[in-house]
Amino acid sequence: MLVILSGVSGAGKDTIKKELIKRMEDVISLPSYTSRAPREGEEEGIQYHFISKEDFEKRIKNNEFYEYDLHHNNYYGTSRKLMNEKIKSGKIIVKDIEVNGTENLVKILKNDTNVVTIFLKVEKEELRRRLIARGDNLSEEELELRLGRLEYEESKIKLYDYVIKNDDFEKTVKIIQTIIESEREIEMSQE
């Protein structure tokens, strides 16, 4: 099963993913590749696989990604090889990805894999606060760029199986755990 978490930058995708991995035995992560530099505290292969823009573009030409997108002037993409390895493991894969990537992955994988999509919704002012508190030293222009993406991402909500307002971390994690457990039961009953 592939569980996709989406939402704008600062919606809490990575934090929730980490917590699900801690709390649930069969849950693993599938880090995306990105051409952006690591943020403080990020480690290679944990949050992302960090590669140069040139390397990313070479991998695009070699058709190594299921999907990729240029987002905030950096590439992000899902490795075909890594995704296939993780799916074969039988674990529950939790992947955080933006809306265009979700749309592409669902189209590609829906016939072969149980894909569950969850959108994390956050109010604009709360999002502003989180982005500033995250310590990325965003310029006002970069901050507005990310906040401006909110409307676009929310316009794609109909793509998602579940939409959760992420205003209470513990409650959100418990809701997602329940979703994963329910979807796993449905999946197992159909085998």
# chains A, B, ... in the order shown; residues from 1 in each chain; ligands from 1
>>> residues_around(residues="Leu131 (chain A)", least_positions_apart="3", cutoff="6 Å", atoms="only C-alpha atoms", output="ChimeraX atom specification")
/A:10,128,134
>>> closest_residue(among="A:Leu127, A:Met83, A:Val8, A:Leu150", to="Ile108 (chain A)", atoms="only C-alpha atoms")
A:Met83
>>> residues_around(residues="region 154-166 of chain A", least_positions_apart="5", cutoff="9 Å", atoms="only C-alpha atoms", output="ChimeraX atom specification")
/A:6-8,11-12,99-100,102-103,116-123,149,171-172,175-176,179
>>> select_by_dssp(residues="region 24-79 of chain A", states="strand (DSSP E)", output="VMD selection string")
chain A and resid 27 to 29 32 to 34 48 to 50 65 to 71 74 to 79
>>> atom_distance(atom1="CA of Arg130 (chain A)", atom2="CA of Tyr48 (chain A)")
20.3 Å
>>> atom_distance(atom1="CA of Glu144 (chain A)", atom2="CA of Glu98 (chain A)")
17.5 Å
>>> closest_residue(among="A:Met1, A:Leu138, A:Ile28, A:Ile21", to="Met188 (chain A)", atoms="only C-alpha atoms")
A:Met1
>>> residues_around(residues="Gly45 (chain A)", least_positions_apart="2", cutoff="10 Å", atoms="only C-alpha atoms", output="VMD selection string")
chain A and resid 29 to 33 42 to 43 47 to 50
>>> closest_residue(among="A:Ile46, A:Leu82, A:Lys18, A:Leu147", to="Arg129 (chain A)", atoms="only C-alpha atoms")
A:Leu147
>>> select_by_dssp(residues="chain A", states="helix (DSSP H, G or I)", output="VMD selection string")
chain A and resid 13 to 23 53 to 61 80 to 88 99 to 109 124 to 133 140 to 154 157 to 159 169 to 189
>>> residues_around(residues="Ile180 (chain A)", least_positions_apart="3", cutoff="10 Å", atoms="only C-alpha atoms", output="ChimeraX atom specification")
/A:1-3,20,24,27,92,94,116,174-177,183-186
>>> residues_around(residues="Lys53 (chain A)", least_positions_apart="2", cutoff="8 Å", atoms="only C-alpha atoms", output="PyMOL selection string")
chain A and resi 35+51+55-57+74-75
>>> write_last_selection(atoms="C-alpha atoms", output="compact mmCIF listing (two decimals), in the first residue's frame")
# COMPACT_ATOMS: atom_id res chain seq x y z
CA SER A 35 17.80 19.29 -6.46
CA ILE A 51 21.34 15.60 -6.01
CA ASP A 55 22.11 15.01 -12.16
CA PHE A 56 18.34 15.36 -11.77
CA GLU A 57 17.95 16.42 -15.41
CA ASN A 74 13.87 22.98 -7.44
CA TYR A 75 13.15 19.56 -8.87
>>> atom_distance(atom1="CA of Glu54 (chain A)", atom2="CA of His71 (chain A)")
15.8 Å
>>> decode(residues="region 12-45 of chain A", atoms="N, CA and C atoms", output="mmCIF file, in the first residue's frame")
data_model
loop_
_atom_site.group_PDB
_atom_site.id
_atom_site.type_symbol
_atom_site.label_atom_id
_atom_site.label_comp_id
_atom_site.auth_asym_id
_atom_site.auth_seq_id
_atom_site.Cartn_x
_atom_site.Cartn_y
_atom_site.Cartn_z
ATOM 1 N N GLY A 12 2.941 20.107 7.354
ATOM 2 C CA GLY A 12 3.251 19.107 8.379
ATOM 3 C C GLY A 12 3.464 17.709 7.838
ATOM 4 N N LYS A 13 3.613 17.582 6.533
ATOM 5 C CA LYS A 13 3.743 16.258 5.908
ATOM 6 C C LYS A 13 4.892 15.445 6.486
ATOM 7 N N ASP A 14 6.078 16.016 6.518
ATOM 8 C CA ASP A 14 7.263 15.286 6.968
ATOM 9 C C ASP A 14 7.174 14.941 8.454
ATOM 10 N N THR A 15 6.693 15.852 9.260
ATOM 11 C CA THR A 15 6.567 15.622 10.699
ATOM 12 C C THR A 15 5.587 14.488 10.979
ATOM 13 N N ILE A 16 4.477 14.485 10.267
ATOM 14 C CA ILE A 16 3.473 13.429 10.458
ATOM 15 C C ILE A 16 4.019 12.097 9.962
ATOM 16 N N LYS A 17 4.696 12.113 8.821
ATOM 17 C CA LYS A 17 5.280 10.879 8.279
ATOM 18 C C LYS A 17 6.244 10.255 9.299
ATOM 19 N N LYS A 18 7.114 11.061 9.878
ATOM 20 C CA LYS A 18 8.062 10.560 10.887
ATOM 21 C C LYS A 18 7.334 9.922 12.071
ATOM 22 N N GLU A 19 6.268 10.562 12.504
ATOM 23 C CA GLU A 19 5.513 10.067 13.653
ATOM 24 C C GLU A 19 4.811 8.744 13.320
ATOM 25 N N LEU A 20 4.272 8.626 12.120
ATOM 26 C CA LEU A 20 3.628 7.373 11.700
ATOM 27 C C LEU A 20 4.637 6.226 11.676
ATOM 28 N N ILE A 21 5.847 6.516 11.193
ATOM 29 C CA ILE A 21 6.905 5.501 11.142
ATOM 30 C C ILE A 21 7.270 5.045 12.552
ATOM 31 N N LYS A 22 7.312 5.996 13.494
ATOM 32 C CA LYS A 22 7.619 5.654 14.893
ATOM 33 C C LYS A 22 6.536 4.778 15.513
ATOM 34 N N ARG A 23 5.287 5.098 15.223
ATOM 35 C CA ARG A 23 4.166 4.449 15.903
ATOM 36 C C ARG A 23 3.671 3.169 15.248
ATOM 37 N N MET A 24 3.908 3.000 13.959
ATOM 38 C CA MET A 24 3.321 1.868 13.239
ATOM 39 C C MET A 24 4.416 0.951 12.708
ATOM 40 N N GLU A 25 4.275 -0.318 13.013
ATOM 41 C CA GLU A 25 5.314 -1.305 12.734
ATOM 42 C C GLU A 25 5.657 -1.461 11.250
ATOM 43 N N ASP A 26 4.670 -1.534 10.372
ATOM 44 C CA ASP A 26 4.912 -1.833 8.961
ATOM 45 C C ASP A 26 5.043 -0.597 8.077
ATOM 46 N N VAL A 27 5.164 0.576 8.661
ATOM 47 C CA VAL A 27 5.208 1.811 7.881
ATOM 48 C C VAL A 27 6.660 2.226 7.627
ATOM 49 N N ILE A 28 6.953 2.503 6.355
ATOM 50 C CA ILE A 28 8.278 2.978 5.957
ATOM 51 C C ILE A 28 8.119 4.211 5.075
ATOM 52 N N SER A 29 9.207 4.911 4.880
ATOM 53 C CA SER A 29 9.207 6.125 4.058
ATOM 54 C C SER A 29 9.824 5.840 2.697
ATOM 55 N N LEU A 30 9.455 6.643 1.733
ATOM 56 C CA LEU A 30 10.109 6.617 0.433
ATOM 57 C C LEU A 30 10.518 8.049 0.116
ATOM 58 N N PRO A 31 11.771 8.403 0.438
ATOM 59 C CA PRO A 31 12.210 9.774 0.179
ATOM 60 C C PRO A 31 12.248 10.082 -1.316
ATOM 61 N N SER A 32 11.835 11.282 -1.667
ATOM 62 C CA SER A 32 11.934 11.764 -3.041
ATOM 63 C C SER A 32 13.364 12.189 -3.317
ATOM 64 N N TYR A 33 13.676 12.338 -4.574
ATOM 65 C CA TYR A 33 14.917 12.987 -4.984
ATOM 66 C C TYR A 33 14.617 14.469 -5.120
ATOM 67 N N THR A 34 15.592 15.314 -4.807
ATOM 68 C CA THR A 34 15.420 16.749 -4.990
ATOM 69 C C THR A 34 16.741 17.396 -5.378
ATOM 70 N N SER A 35 16.604 18.514 -6.088
ATOM 71 C CA SER A 35 17.798 19.288 -6.458
ATOM 72 C C SER A 35 18.043 20.425 -5.477
ATOM 73 N N ARG A 36 17.198 20.551 -4.441
ATOM 74 C CA ARG A 36 17.428 21.635 -3.479
ATOM 75 C C ARG A 36 18.473 21.215 -2.453
ATOM 76 N N ALA A 37 19.056 22.201 -1.806
ATOM 77 C CA ALA A 37 20.040 21.936 -0.759
ATOM 78 C C ALA A 37 19.326 21.442 0.502
ATOM 79 N N PRO A 38 19.992 20.608 1.289
ATOM 80 C CA PRO A 38 19.377 20.141 2.544
ATOM 81 C C PRO A 38 19.148 21.306 3.516
ATOM 82 N N ARG A 39 18.045 21.240 4.253
ATOM 83 C CA ARG A 39 17.803 22.185 5.343
ATOM 84 C C ARG A 39 18.572 21.683 6.556
ATOM 85 N N GLU A 40 18.737 22.548 7.518
ATOM 86 C CA GLU A 40 19.421 22.154 8.742
ATOM 87 C C GLU A 40 18.703 20.962 9.366
ATOM 88 N N GLY A 41 19.469 19.934 9.705
ATOM 89 C CA GLY A 41 18.915 18.747 10.341
ATOM 90 C C GLY A 41 18.482 17.655 9.370
ATOM 91 N N GLU A 42 18.416 17.967 8.085
ATOM 92 C CA GLU A 42 18.036 16.951 7.108
ATOM 93 C C GLU A 42 19.237 16.092 6.751
ATOM 94 N N GLU A 43 18.975 14.798 6.562
ATOM 95 C CA GLU A 43 20.041 13.854 6.240
ATOM 96 C C GLU A 43 19.764 13.181 4.909
ATOM 97 N N GLU A 44 20.827 12.957 4.160
ATOM 98 C CA GLU A 44 20.739 12.253 2.882
ATOM 99 C C GLU A 44 20.048 10.905 3.060
ATOM 100 N N GLY A 45 19.025 10.648 2.223
ATOM 101 C CA GLY A 45 18.328 9.368 2.246
ATOM 102 C C GLY A 45 17.256 9.246 3.312
#
